[in-house]
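Listing of model-v4.cif; format and content: mmCIF, C-alpha atoms (C1' of nucleotides).
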data_run
loop_
_atom_site.label_atom_id
_atom_site.label_comp_id
_atom_site.auth_asym_id
_atom_site.auth_seq_id
_atom_site.Cartn_x
_atom_site.Cartn_y
_atom_site.Cartn_z
CA MET G 1 118.37 129.66 20.66
CA ILE G 2 115.53 131.22 22.62
CA GLU G 3 114.58 129.68 25.92
CA ILE G 4 110.88 129.95 26.65
CA MET G 5 109.43 129.82 30.10
CA LYS G 6 105.72 129.66 30.89
CA ILE G 7 104.32 130.45 34.30
CA ALA G 8 100.63 130.06 35.10
CA THR G 9 98.23 130.66 37.97
CA TRP G 10 94.97 128.92 38.80
CA ASN G 11 92.61 129.13 41.74
CA VAL G 12 91.24 125.58 41.73
CA ASN G 13 88.68 125.92 44.56
CA SER G 14 89.50 122.52 46.13
CA LEU G 15 92.38 120.48 44.76
CA THR G 16 90.60 117.34 45.95
CA VAL G 17 87.90 117.97 43.39
CA ARG G 18 90.03 119.61 40.71
CA ALA G 19 93.27 117.56 40.61
CA PRO G 20 92.12 115.57 37.55
CA GLN G 21 91.29 118.82 35.74
CA VAL G 22 94.69 120.26 36.65
CA LEU G 23 96.37 117.16 35.20
CA ASP G 24 94.28 117.40 32.04
CA TRP G 25 95.11 121.07 31.68
CA LEU G 26 98.83 120.48 32.18
CA ALA G 27 98.76 117.76 29.54
CA ASP G 28 97.36 120.30 27.07
CA ASN G 29 99.32 123.25 28.46
CA PRO G 30 102.70 122.01 29.66
CA VAL G 31 103.72 125.19 31.47
CA ASP G 32 106.94 125.18 33.45
CA VAL G 33 105.43 126.48 36.66
CA LEU G 34 101.85 126.52 37.90
CA GLY G 35 100.80 128.37 41.03
CA LEU G 36 97.68 126.93 42.61
CA GLN G 37 95.39 128.59 45.14
CA GLU G 38 92.50 127.49 47.34
CA LEU G 39 93.71 123.92 47.72
CA LYS G 40 91.36 123.45 50.69
CA LEU G 41 93.46 120.57 51.94
CA THR G 42 96.36 119.91 54.28
CA GLU G 43 99.79 118.92 52.99
CA ASP G 44 99.33 115.29 54.05
CA LYS G 45 96.45 115.09 51.55
CA PHE G 46 98.31 116.82 48.72
CA PRO G 47 98.58 114.51 45.68
CA PHE G 48 102.34 114.84 45.22
CA ALA G 49 102.64 111.47 43.46
CA VAL G 50 100.18 112.13 40.65
CA PHE G 51 101.90 115.39 39.77
CA GLU G 52 105.33 113.75 39.98
CA ALA G 53 104.10 111.14 37.53
CA ALA G 54 103.12 113.97 35.18
CA GLY G 55 106.59 115.48 35.45
CA TYR G 56 105.91 118.11 38.07
CA SER G 57 107.48 118.41 41.47
CA ALA G 58 105.40 120.28 44.02
CA CYS G 59 105.76 122.32 47.14
CA ALA G 60 102.69 123.23 49.11
CA LEU G 61 101.43 125.17 52.09
CA GLY G 62 98.15 123.53 53.02
CA GLN G 63 95.24 124.28 55.30
CA LYS G 64 92.10 122.39 56.15
CA THR G 65 88.89 123.62 54.45
CA TYR G 66 90.16 127.07 53.47
CA ASN G 67 93.03 128.66 51.54
CA GLY G 68 96.17 126.65 50.74
CA VAL G 69 98.70 127.33 47.98
CA ALA G 70 101.19 125.31 45.95
CA LEU G 71 103.80 125.56 43.23
CA LEU G 72 104.04 122.85 40.60
CA SER G 73 107.22 122.89 38.53
CA ARG G 74 108.97 120.92 35.82
CA LEU G 75 112.19 122.73 36.78
CA PRO G 76 114.04 122.52 40.09
CA ILE G 77 112.75 124.87 42.78
CA ALA G 78 114.96 126.26 45.54
CA ASP G 79 114.63 128.56 48.56
CA VAL G 80 110.96 127.88 49.17
CA GLN G 81 109.25 130.44 51.39
CA LYS G 82 105.85 129.82 52.97
CA ASN G 83 103.71 132.82 53.94
CA ILE G 84 105.08 136.31 54.51
CA PRO G 85 108.13 136.39 56.79
CA GLY G 86 107.46 138.28 60.00
CA PHE G 87 103.72 138.43 59.39
CA GLU G 88 101.92 136.12 61.79
CA ASP G 89 99.19 134.42 59.80
CA GLU G 90 97.13 131.34 60.57
CA GLN G 91 95.96 131.29 56.96
CA ALA G 92 97.96 129.61 54.18
CA ARG G 93 98.18 132.26 51.48
CA VAL G 94 101.69 132.51 50.02
CA ILE G 95 104.30 130.16 48.65
CA ALA G 96 107.39 131.37 46.83
CA GLY G 97 110.34 129.63 45.25
CA THR G 98 113.26 130.19 42.94
CA VAL G 99 112.88 128.33 39.65
CA LEU G 100 116.17 127.35 38.09
CA SER G 101 115.63 127.80 34.36
CA ALA G 102 118.21 127.53 31.60
CA ALA G 103 117.95 131.30 31.18
CA GLY G 104 118.70 131.89 34.85
CA PRO G 105 116.81 131.87 38.13
CA VAL G 106 113.31 133.32 38.37
CA ARG G 107 111.67 134.02 41.70
CA VAL G 108 108.01 133.01 41.58
CA VAL G 109 105.73 134.33 44.30
CA ASN G 110 102.30 132.73 44.38
CA GLY G 111 99.57 134.35 46.49
CA TYR G 112 96.00 133.75 47.45
CA PHE G 113 95.13 137.29 48.45
CA VAL G 114 92.56 137.91 51.16
CA ASN G 115 88.98 138.21 49.92
CA GLY G 116 87.86 140.82 52.44
CA GLN G 117 84.10 140.18 52.29
CA ALA G 118 82.95 143.80 52.71
CA PRO G 119 84.75 147.12 53.15
CA ASP G 120 83.39 147.64 56.68
CA SER G 121 84.31 144.16 57.93
CA ASP G 122 87.10 142.80 60.09
CA LYS G 123 88.09 140.66 57.13
CA PHE G 124 88.67 143.78 55.08
CA ALA G 125 90.91 145.19 57.81
CA TYR G 126 92.87 141.92 57.66
CA LYS G 127 93.07 142.27 53.89
CA MET G 128 94.61 145.73 54.27
CA ARG G 129 97.14 144.49 56.85
CA TRP G 130 98.00 141.50 54.70
CA LEU G 131 98.49 143.65 51.60
CA THR G 132 100.72 146.05 53.53
CA ALA G 133 102.88 143.17 54.75
CA LEU G 134 103.03 141.63 51.26
CA GLN G 135 104.15 144.91 49.76
CA ALA G 136 106.93 145.41 52.33
CA TRP G 137 108.18 141.86 51.87
CA LEU G 138 108.08 142.04 48.05
CA LYS G 139 110.14 145.21 48.14
CA LEU G 140 112.87 143.18 49.84
CA GLU G 141 112.36 140.18 47.57
CA LEU G 142 112.86 142.36 44.52
CA THR G 143 116.22 143.56 45.78
CA GLN G 144 117.30 139.96 46.34
CA TYR G 145 115.61 138.56 43.23
CA PRO G 146 115.33 141.19 40.47
CA ARG G 147 113.91 138.56 38.13
CA LEU G 148 110.58 138.02 39.89
CA VAL G 149 107.05 137.06 38.91
CA LEU G 150 104.10 137.61 41.25
CA VAL G 151 101.13 135.43 40.37
CA GLY G 152 97.90 134.48 42.03
CA ASP G 153 94.34 135.30 42.91
CA PHE G 154 94.62 138.94 43.92
CA ASN G 155 90.94 139.40 44.80
CA ILE G 156 91.22 142.95 43.43
CA THR G 157 90.05 144.43 40.15
CA ALA G 158 92.95 146.63 39.05
CA ASP G 159 90.62 149.04 37.27
CA ASP G 160 87.16 149.35 35.75
CA ARG G 161 88.06 147.25 32.71
CA ASP G 162 88.44 144.27 35.01
CA SER G 163 84.79 144.21 36.12
CA TYR G 164 81.56 143.32 34.35
CA ASP G 165 79.79 146.15 36.20
CA PRO G 166 82.26 148.78 37.38
CA GLU G 167 79.59 151.41 37.97
CA GLY G 168 77.13 149.23 39.82
CA LEU G 169 79.88 147.68 41.94
CA ARG G 170 81.81 150.86 42.66
CA GLU G 171 83.46 150.81 46.10
CA THR G 172 82.17 147.32 46.81
CA ILE G 173 84.52 144.44 47.59
CA HIS G 174 87.21 143.91 44.92
CA HIS G 175 86.43 147.38 43.58
CA THR G 176 87.33 149.73 46.42
CA THR G 177 89.79 152.57 46.08
CA ALA G 178 91.72 151.17 49.06
CA GLU G 179 92.22 147.81 47.30
CA ARG G 180 93.16 149.44 44.00
CA ASP G 181 95.64 151.69 45.81
CA HIS G 182 97.30 148.53 47.13
CA PHE G 183 97.42 147.10 43.61
CA LYS G 184 99.04 150.33 42.39
CA ALA G 185 101.52 150.16 45.26
CA LEU G 186 102.59 146.72 44.05
CA ILE G 187 103.01 148.11 40.55
CA SER G 188 105.09 150.95 42.01
CA LEU G 189 107.57 148.41 43.36
CA GLY G 190 108.58 147.79 39.77
CA LEU G 191 106.00 145.24 38.63
CA THR G 192 103.92 145.16 35.45
CA ASP G 193 100.58 143.52 34.75
CA ALA G 194 101.66 141.26 31.88
CA PHE G 195 98.08 140.89 30.61
CA ARG G 196 97.82 144.62 29.85
CA GLN G 197 101.06 144.58 27.89
CA PHE G 198 98.98 143.25 25.01
CA GLU G 199 95.81 144.15 23.18
CA GLN G 200 93.00 142.24 24.89
CA PRO G 201 89.32 141.79 24.18
CA GLU G 202 86.97 143.95 26.24
CA LYS G 203 85.42 142.19 29.20
CA SER G 204 88.27 139.73 29.67
CA PHE G 205 87.74 138.02 33.00
CA SER G 206 89.30 135.18 35.00
CA TRP G 207 86.47 134.49 37.46
CA TRP G 208 82.71 134.09 37.08
CA ASP G 209 80.14 133.46 39.78
CA TYR G 210 78.68 129.97 39.79
CA ARG G 211 75.27 131.49 40.33
CA ASP G 212 72.88 133.08 37.89
CA PHE G 213 74.64 131.79 34.74
CA GLY G 214 77.59 134.07 35.48
CA PHE G 215 79.92 132.44 32.94
CA ARG G 216 77.33 132.16 30.18
CA ARG G 217 76.46 135.84 30.60
CA ASN G 218 80.13 136.79 31.06
CA ARG G 219 79.38 138.45 34.36
CA GLY G 220 82.89 138.13 35.69
CA LEU G 221 85.94 139.80 37.14
CA ARG G 222 89.61 139.75 36.26
CA ILE G 223 91.19 139.11 39.65
CA ASP G 224 93.90 136.58 38.72
CA TYR G 225 97.14 138.22 37.66
CA THR G 226 100.68 137.62 36.49
CA LEU G 227 102.93 140.55 37.39
CA VAL G 228 106.50 140.66 36.13
CA SER G 229 109.39 142.67 37.50
CA ASP G 230 111.15 145.40 35.50
CA ALA G 231 114.06 143.04 34.82
CA LEU G 232 111.74 140.49 33.19
CA LYS G 233 109.39 142.93 31.45
CA PRO G 234 111.35 142.98 28.16
CA GLN G 235 111.04 139.18 28.06
CA VAL G 236 107.26 138.99 28.23
CA GLN G 237 106.04 137.37 25.02
CA ALA G 238 102.38 136.73 25.77
CA CYS G 239 99.78 136.60 28.50
CA VAL G 240 96.52 134.71 28.07
CA ILE G 241 93.47 133.73 30.03
CA ASP G 242 92.29 130.21 29.18
CA LYS G 243 88.51 130.08 29.52
CA LEU G 244 88.25 126.45 28.39
CA PRO G 245 88.47 124.82 31.86
CA ARG G 246 85.47 126.91 32.95
CA LYS G 247 83.42 124.77 30.56
CA ASN G 248 84.43 121.55 32.32
CA GLU G 249 82.07 119.45 34.35
CA ARG G 250 82.36 120.71 37.94
CA PRO G 251 84.65 123.61 37.00
CA SER G 252 86.52 125.91 39.31
CA ASP G 253 85.00 129.38 39.27
CA HIS G 254 88.44 130.67 38.20
CA THR G 255 90.36 129.94 35.01
CA PRO G 256 94.13 129.72 34.46
CA VAL G 257 96.22 132.69 33.37
CA THR G 258 99.58 132.05 31.69
CA VAL G 259 102.50 134.39 31.04
CA THR G 260 105.17 133.45 28.51
CA LEU G 261 108.73 134.70 28.97
CA SER G 262 111.55 134.44 26.43
"C1'" DA V 1 67.05 143.52 49.44
"C1'" DT V 2 67.88 138.73 48.91
"C1'" DG V 3 69.65 134.69 46.97
"C1'" DA V 4 71.14 132.23 43.41
"C1'" DC V 5 76.09 127.96 43.25
"C1'" DG V 6 79.69 125.18 44.98
"C1'" DG V 7 83.04 123.13 48.55
"C1'" DT V 8 83.80 121.72 53.25
"C1'" DG V 9 82.75 120.00 57.76
"C1'" DT V 10 79.76 118.33 60.32
"C1'" DG V 11 75.27 117.51 61.00
"C1'" DG V 12 70.39 117.77 59.53
"C1'" DC V 13 72.61 122.92 58.46
"C1'" DA V 14 76.35 127.03 58.75
"C1'" DC V 15 80.24 129.23 56.89
"C1'" DC V 16 82.87 131.04 53.23
"C1'" DG V 17 83.95 132.48 48.71
"C1'" DA V 18 83.78 136.85 45.17
#
For the file at hand, write its structure as C-alpha coordinates.
Amino acid sequence: MIEIMKIATWNVNSLTVRAPQVLDWLADNPVDVLGLQELKLTEDKFPFAVFEAAGYSACALGQKTYNGVALLSRLPIADVQKNIPGFEDEQARVIAGTVLSAAGPVRVVNGYFVNGQAPDSDKFAYKMRWLTALQAWLKLELTQYPRLVLVGDFNITADDRDSYDPEGLRETIHHTTAERDHFKALISLGLTDAFRQFEQPEKSFSWWDYRDFGFRRNRGLRIDYTLVSDALKPQVQACVIDKLPRKNERPSDHTPVTVTLS
DNA sequence: ATGACGGTGTGGCACCGA
(Lines of atoms letter the chains of each structure in order from A and count residues from 1; the text may use other names and numbers.)
(Lines give C-alpha, C1' and ligand atoms only; values in the text may rest on other atoms or scores of the structure.)
Protein backbone atom coordinates (compact mmCIF):
# COMPACT_ATOMS: atom_id res chain seq x y z
CA MET A 1 0.00 0.00 0.00
CA ILE A 2 1.29 3.43 -0.95
CA GLU A 3 0.76 6.27 1.46
CA ILE A 4 0.23 9.59 -0.28
CA MET A 5 0.89 12.91 1.34
CA LYS A 6 0.00 16.27 -0.18
CA ILE A 7 1.48 19.52 1.03
CA ALA A 8 0.39 22.87 -0.36
CA THR A 9 1.24 26.55 0.00
CA TRP A 10 -0.93 29.60 -0.55
CA ASN A 11 -0.40 33.29 0.04
CA VAL A 12 -3.97 34.35 0.79
CA ASN A 13 -3.41 38.13 1.13
CA SER A 14 -5.72 38.51 4.16
CA LEU A 15 -7.24 35.42 5.75
CA THR A 16 -10.15 37.57 6.92
CA VAL A 17 -11.18 38.02 3.31
CA ARG A 18 -10.03 34.67 1.97
CA ALA A 19 -11.02 32.12 4.65
CA PRO A 20 -14.16 31.07 2.73
CA GLN A 21 -12.07 30.54 -0.41
CA VAL A 22 -9.54 28.48 1.55
CA LEU A 23 -12.36 26.28 2.86
CA ASP A 24 -13.79 25.88 -0.64
CA TRP A 25 -10.37 25.00 -2.00
CA LEU A 26 -9.72 22.44 0.73
CA ALA A 27 -13.08 20.84 0.04
CA ASP A 28 -12.01 20.33 -3.58
CA ASN A 29 -8.35 19.69 -2.77
CA PRO A 30 -8.14 17.85 0.55
CA VAL A 31 -4.38 18.21 1.01
CA ASP A 32 -2.84 16.97 4.24
CA VAL A 33 -1.00 20.18 5.04
CA LEU A 34 -1.53 23.73 3.82
CA GLY A 35 0.91 26.53 4.59
CA LEU A 36 -0.70 29.95 4.51
CA GLN A 37 1.02 33.31 4.23
CA GLU A 38 -0.02 36.94 4.57
CA LEU A 39 -2.78 36.27 7.09
CA LYS A 40 -2.84 39.97 7.99
CA LEU A 41 -4.44 39.16 11.32
CA THR A 42 -3.46 38.42 14.89
CA GLU A 43 -3.84 34.96 16.40
CA ASP A 44 -6.88 36.00 18.44
CA LYS A 45 -8.69 36.64 15.15
CA PHE A 46 -7.58 33.39 13.50
CA PRO A 47 -10.62 31.26 12.55
CA PHE A 48 -9.45 28.06 14.24
CA ALA A 49 -12.99 26.73 14.66
CA VAL A 50 -14.02 26.83 11.01
CA PHE A 51 -10.90 24.93 9.98
CA GLU A 52 -11.37 22.43 12.80
CA ALA A 53 -14.89 21.83 11.53
CA ALA A 54 -13.40 21.08 8.11
CA GLY A 55 -11.01 18.56 9.64
CA TYR A 56 -7.93 20.75 9.92
CA SER A 57 -6.09 21.70 13.05
CA ALA A 58 -4.11 24.92 12.81
CA CYS A 59 -1.13 26.62 14.30
CA ALA A 60 -0.48 30.24 13.51
CA LEU A 61 1.93 33.09 14.00
CA GLY A 62 -0.12 36.22 13.48
CA GLN A 63 0.53 39.91 13.06
CA LYS A 64 -1.75 42.88 12.66
CA THR A 65 -2.09 44.27 9.11
CA TYR A 66 1.03 42.65 7.67
CA ASN A 67 2.59 39.20 7.29
CA GLY A 68 1.37 36.29 9.41
CA VAL A 69 1.74 32.57 8.65
CA ALA A 70 -0.08 29.37 9.55
CA LEU A 71 -0.06 25.63 9.05
CA LEU A 72 -3.32 23.78 8.55
CA SER A 73 -3.11 20.01 8.92
CA ARG A 74 -5.33 16.95 8.90
CA LEU A 75 -2.50 15.06 10.63
CA PRO A 76 -1.06 15.74 14.08
CA ILE A 77 1.61 18.43 14.19
CA ALA A 78 4.40 18.49 16.77
CA ASP A 79 7.40 20.65 17.68
CA VAL A 80 5.99 23.86 16.28
CA GLN A 81 8.58 26.59 15.73
CA LYS A 82 7.62 30.22 15.14
CA ASN A 83 10.07 32.47 13.28
CA ILE A 84 13.78 31.77 12.95
CA PRO A 85 15.46 30.86 16.25
CA GLY A 86 18.06 33.41 17.28
CA PHE A 87 16.96 35.91 14.64
CA GLU A 88 15.21 38.83 16.27
CA ASP A 89 12.25 39.69 14.06
CA GLU A 90 9.18 41.78 14.74
CA GLN A 91 7.59 40.38 11.59
CA ALA A 92 5.69 37.07 11.54
CA ARG A 93 7.23 35.18 8.64
CA VAL A 94 7.91 31.54 9.54
CA ILE A 95 6.05 28.67 11.11
CA ALA A 96 7.37 25.11 11.10
CA GLY A 97 6.07 21.85 12.45
CA THR A 98 6.59 18.12 12.28
CA VAL A 99 3.71 16.33 10.59
CA LEU A 100 3.19 12.80 11.82
CA SER A 101 2.20 10.84 8.73
CA ALA A 102 1.73 7.10 8.42
CA ALA A 103 4.91 7.01 6.34
CA GLY A 104 6.88 8.77 9.07
CA PRO A 105 7.45 12.31 10.26
CA VAL A 106 7.89 15.16 7.78
CA ARG A 107 9.20 18.54 8.85
CA VAL A 108 7.24 21.29 7.10
CA VAL A 109 8.74 24.77 7.11
CA ASN A 110 6.38 27.48 5.88
CA GLY A 111 7.81 30.91 5.07
CA TYR A 112 6.62 34.28 3.95
CA PHE A 113 9.91 35.58 2.60
CA VAL A 114 10.67 39.28 2.73
CA ASN A 115 9.55 41.25 -0.32
CA GLY A 116 12.44 43.71 -0.34
CA GLN A 117 10.79 46.52 -2.33
CA ALA A 118 13.88 47.66 -4.27
CA PRO A 119 17.52 46.53 -4.37
CA ASP A 120 18.80 49.82 -2.92
CA SER A 121 16.34 49.92 -0.02
CA ASP A 122 16.60 49.15 3.68
CA LYS A 123 13.95 46.52 3.12
CA PHE A 124 16.23 44.75 0.67
CA ALA A 125 19.03 44.75 3.24
CA TYR A 126 16.57 43.17 5.69
CA LYS A 127 15.66 40.61 3.03
CA MET A 128 19.33 39.65 2.68
CA ARG A 129 19.78 39.34 6.46
CA TRP A 130 16.59 37.32 6.76
CA LEU A 131 17.62 34.96 3.96
CA THR A 132 21.04 34.46 5.54
CA ALA A 133 19.44 33.58 8.87
CA LEU A 134 16.92 31.25 7.21
CA GLN A 135 19.68 29.42 5.39
CA ALA A 136 21.75 28.91 8.56
CA TRP A 137 18.73 27.67 10.50
CA LEU A 138 17.58 25.32 7.71
CA LYS A 139 21.03 23.77 7.58
CA LEU A 140 20.52 22.75 11.22
CA GLU A 141 16.92 21.71 10.65
CA LEU A 142 17.99 19.37 7.87
CA THR A 143 20.41 17.58 10.16
CA GLN A 144 17.65 17.12 12.73
CA TYR A 145 14.87 16.46 10.21
CA PRO A 146 16.24 14.90 6.99
CA ARG A 147 12.69 14.52 5.69
CA LEU A 148 11.89 18.21 5.23
CA VAL A 149 9.73 20.32 2.94
CA LEU A 150 10.21 24.08 2.63
CA VAL A 151 7.14 25.82 1.26
CA GLY A 152 5.97 29.37 0.96
CA ASP A 153 6.02 32.67 -0.83
CA PHE A 154 9.73 33.08 -1.55
CA ASN A 155 9.43 36.48 -3.25
CA ILE A 156 12.24 35.38 -5.58
CA THR A 157 12.15 34.18 -9.18
CA ALA A 158 14.55 31.23 -9.22
CA ASP A 159 15.49 31.88 -12.84
CA ASP A 160 14.32 33.59 -16.02
CA ARG A 161 11.65 30.97 -16.70
CA ASP A 162 9.83 32.15 -13.60
CA SER A 163 9.16 35.67 -14.90
CA TYR A 164 6.88 37.04 -17.60
CA ASP A 165 9.57 39.58 -18.56
CA PRO A 166 13.01 38.41 -17.46
CA GLU A 167 14.85 40.83 -19.73
CA GLY A 168 12.84 43.92 -18.91
CA LEU A 169 12.91 43.15 -15.19
CA ARG A 170 16.54 42.10 -14.97
CA GLU A 171 18.11 43.02 -11.61
CA THR A 172 14.85 44.49 -10.34
CA ILE A 173 13.16 43.18 -7.19
CA HIS A 174 12.51 39.41 -7.27
CA HIS A 175 14.98 39.14 -10.16
CA THR A 176 18.30 40.24 -8.69
CA THR A 177 21.42 38.12 -8.74
CA ALA A 178 21.69 38.53 -4.96
CA GLU A 179 18.20 37.04 -4.44
CA ARG A 180 18.82 34.20 -6.89
CA ASP A 181 22.12 33.44 -5.18
CA HIS A 182 20.18 33.00 -1.94
CA PHE A 183 17.74 30.69 -3.69
CA LYS A 184 20.68 28.65 -5.01
CA ALA A 185 22.17 28.56 -1.52
CA LEU A 186 18.95 26.98 -0.25
CA ILE A 187 19.14 24.42 -3.04
CA SER A 188 22.76 23.73 -2.07
CA LEU A 189 21.60 22.69 1.40
CA GLY A 190 20.11 19.63 -0.25
CA LEU A 191 16.72 20.90 -1.41
CA THR A 192 15.01 20.48 -4.78
CA ASP A 193 12.38 22.63 -6.47
CA ALA A 194 9.68 19.98 -6.86
CA PHE A 195 7.94 21.93 -9.64
CA ARG A 196 10.97 21.63 -11.93
CA GLN A 197 11.16 17.89 -11.41
CA PHE A 198 8.42 17.67 -14.03
CA GLU A 199 7.75 18.94 -17.51
CA GLN A 200 5.84 22.20 -17.11
CA PRO A 201 4.18 24.59 -19.53
CA GLU A 202 6.18 27.70 -20.38
CA LYS A 203 5.18 30.79 -18.45
CA SER A 204 3.89 28.90 -15.43
CA PHE A 205 3.34 31.44 -12.68
CA SER A 206 1.88 31.53 -9.16
CA TRP A 207 1.31 35.28 -8.79
CA TRP A 208 -0.20 37.93 -11.04
CA ASP A 209 -0.56 41.64 -10.37
CA TYR A 210 -4.10 42.79 -9.68
CA ARG A 211 -3.48 45.76 -11.93
CA ASP A 212 -3.53 46.04 -15.69
CA PHE A 213 -5.27 42.68 -16.31
CA GLY A 214 -2.16 40.87 -15.08
CA PHE A 215 -3.84 37.47 -14.80
CA ARG A 216 -5.73 37.70 -18.08
CA ARG A 217 -2.52 38.63 -19.88
CA ASN A 218 -0.51 36.09 -17.87
CA ARG A 219 1.91 38.76 -16.73
CA GLY A 220 3.02 36.89 -13.65
CA LEU A 221 5.85 35.46 -11.62
CA ARG A 222 6.51 32.06 -10.09
CA ILE A 223 7.50 33.01 -6.56
CA ASP A 224 5.65 30.33 -4.55
CA TYR A 225 7.65 27.15 -4.13
CA THR A 226 7.68 23.69 -2.65
CA LEU A 227 11.24 22.51 -2.00
CA VAL A 228 11.89 18.95 -0.86
CA SER A 229 14.95 17.59 0.88
CA ASP A 230 17.22 14.94 -0.69
CA ALA A 231 15.66 12.28 1.54
CA LEU A 232 12.18 13.04 0.18
CA LYS A 233 13.14 13.73 -3.43
CA PRO A 234 12.61 10.13 -4.61
CA GLN A 235 9.08 10.31 -3.21
CA VAL A 236 7.93 13.35 -5.19
CA GLN A 237 5.05 12.24 -7.41
CA ALA A 238 3.73 15.55 -8.72
CA CYS A 239 3.82 19.30 -8.26
CA VAL A 240 1.08 21.54 -9.62
CA ILE A 241 0.03 25.16 -9.59
CA ASP A 242 -3.74 25.54 -9.33
CA LYS A 243 -4.79 28.66 -11.21
CA LEU A 244 -8.50 28.17 -10.56
CA PRO A 245 -8.75 30.22 -7.33
CA ARG A 246 -7.31 33.21 -9.20
CA LYS A 247 -10.60 33.28 -11.11
CA ASN A 248 -12.64 33.64 -7.91
CA GLU A 249 -14.49 36.76 -6.94
CA ARG A 250 -12.06 38.82 -4.85
CA PRO A 251 -9.14 36.44 -5.42
CA SER A 252 -5.78 36.45 -3.75
CA ASP A 253 -3.09 37.59 -6.16
CA HIS A 254 -1.34 34.24 -5.48
CA THR A 255 -2.55 30.73 -6.28
CA PRO A 256 -1.91 27.48 -4.39
CA VAL A 257 0.98 25.16 -5.24
CA THR A 258 0.75 21.51 -4.19
CA VAL A 259 3.43 18.83 -3.98
CA THR A 260 2.46 15.16 -3.79
CA LEU A 261 4.71 12.70 -1.97
CA SER A 262 4.39 8.91 -1.99
C1' DA B 1 8.19 57.83 -15.56
C1' DT B 2 3.92 56.88 -13.37
C1' DG B 3 0.11 54.30 -11.95
C1' DA B 4 -2.90 50.90 -12.49
C1' DC B 5 -5.46 46.99 -7.90
C1' DG B 6 -6.39 45.34 -3.43
C1' DG B 7 -6.12 45.04 1.87
C1' DT B 8 -5.59 47.44 6.17
C1' DG B 9 -5.91 51.13 9.44
C1' DT B 10 -7.37 55.07 10.23
C1' DG B 11 -9.10 58.98 8.47
C1' DG B 12 -10.70 61.80 4.53
C1' DC B 13 -5.81 59.38 2.83
C1' DA B 14 -0.99 56.66 3.40
C1' DC B 15 1.43 52.47 3.39
C1' DC B 16 2.54 48.11 1.58
C1' DG B 17 2.61 44.39 -1.56
C1' DA B 18 5.31 42.25 -6.00
Minimum-distance residue to G:Leu138, chosen among G:Arg107, G:Arg161, G:Lys123, G:Lys233 (using all atoms listed in the file): G:Arg107
Chain V residues near chain G (7 Å cut-off, only C-alpha atoms (C1' of nucleotides)) as a VMD selection string: chain V and resid 4 to 5 7 to 8
Between atom CA of G:His182 and atom CA of G:Gln135, distance in Å (one decimal):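 Separating atom CA of G:His182 from atom CA of G:Gln135 is a distance of 8.2 Å.
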Selection: 8 Å around stretch 140-142 of chain G, all atoms listed in the file, excl. self and same-chain fewer than 5 positions, as a list in words: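 The residues that qualify are Arg147, Leu148 and Ser229 of chain G.
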Closest of G:Arg216, G:Arg18, G:Lys45, G:Arg74 to G:Leu61 - atom-to-atom distances counting all atoms listed in the file: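 Smallest distance to G:Leu61 is found for G:Lys45.
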Counting all atoms listed in the file, the residue of G:Asp32, G:Glu167, G:Glu249, G:Asp153 that sits nearest V:DA18: G:Asp153
For atom CA of G:Met128 and atom CA of G:Glu179, the interatomic separation in Å (one decimal):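 These two atoms are separated by 7.7 Å.
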Atom CA of G:Ala92 to atom CA of G:Tyr112, distance in Å rounded to a single decimal: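 Going from atom CA of G:Ala92 over to atom CA of G:Tyr112, I get 8.1 Å.
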The PyMOL selection byres ((chain G and resi 133) around 12) applied to the shown file, residues as a list in words: Asn83, Ile84, Pro85, Gly86, Phe87, Glu88, Asp89, Val94, Phe113, Tyr126, Lys127, Met128, Arg129, Trp130, Leu131, Thr132, Leu134, Gln135, Ala136, Trp137, Leu138, Lys139, Leu140, His182, Ala185 and Leu186 of chain G
Hits of the PyMOL selection byres ((chain G and resi 69) around 12) in this structure, as a PyMOL selection string: chain G and resi 9-15+34-43+46+58-64+66-68+70-72+81-83+91-96+109-113+151-153
Explicit residue set for the PyMOL selection byres ((chain G and resi 51) around 10), as JSON, numbers by chain: {"G": [19, 22, 23, 26, 46, 47, 48, 49, 50, 52, 53, 54, 55, 56, 57, 58, 72, 73, 74]}
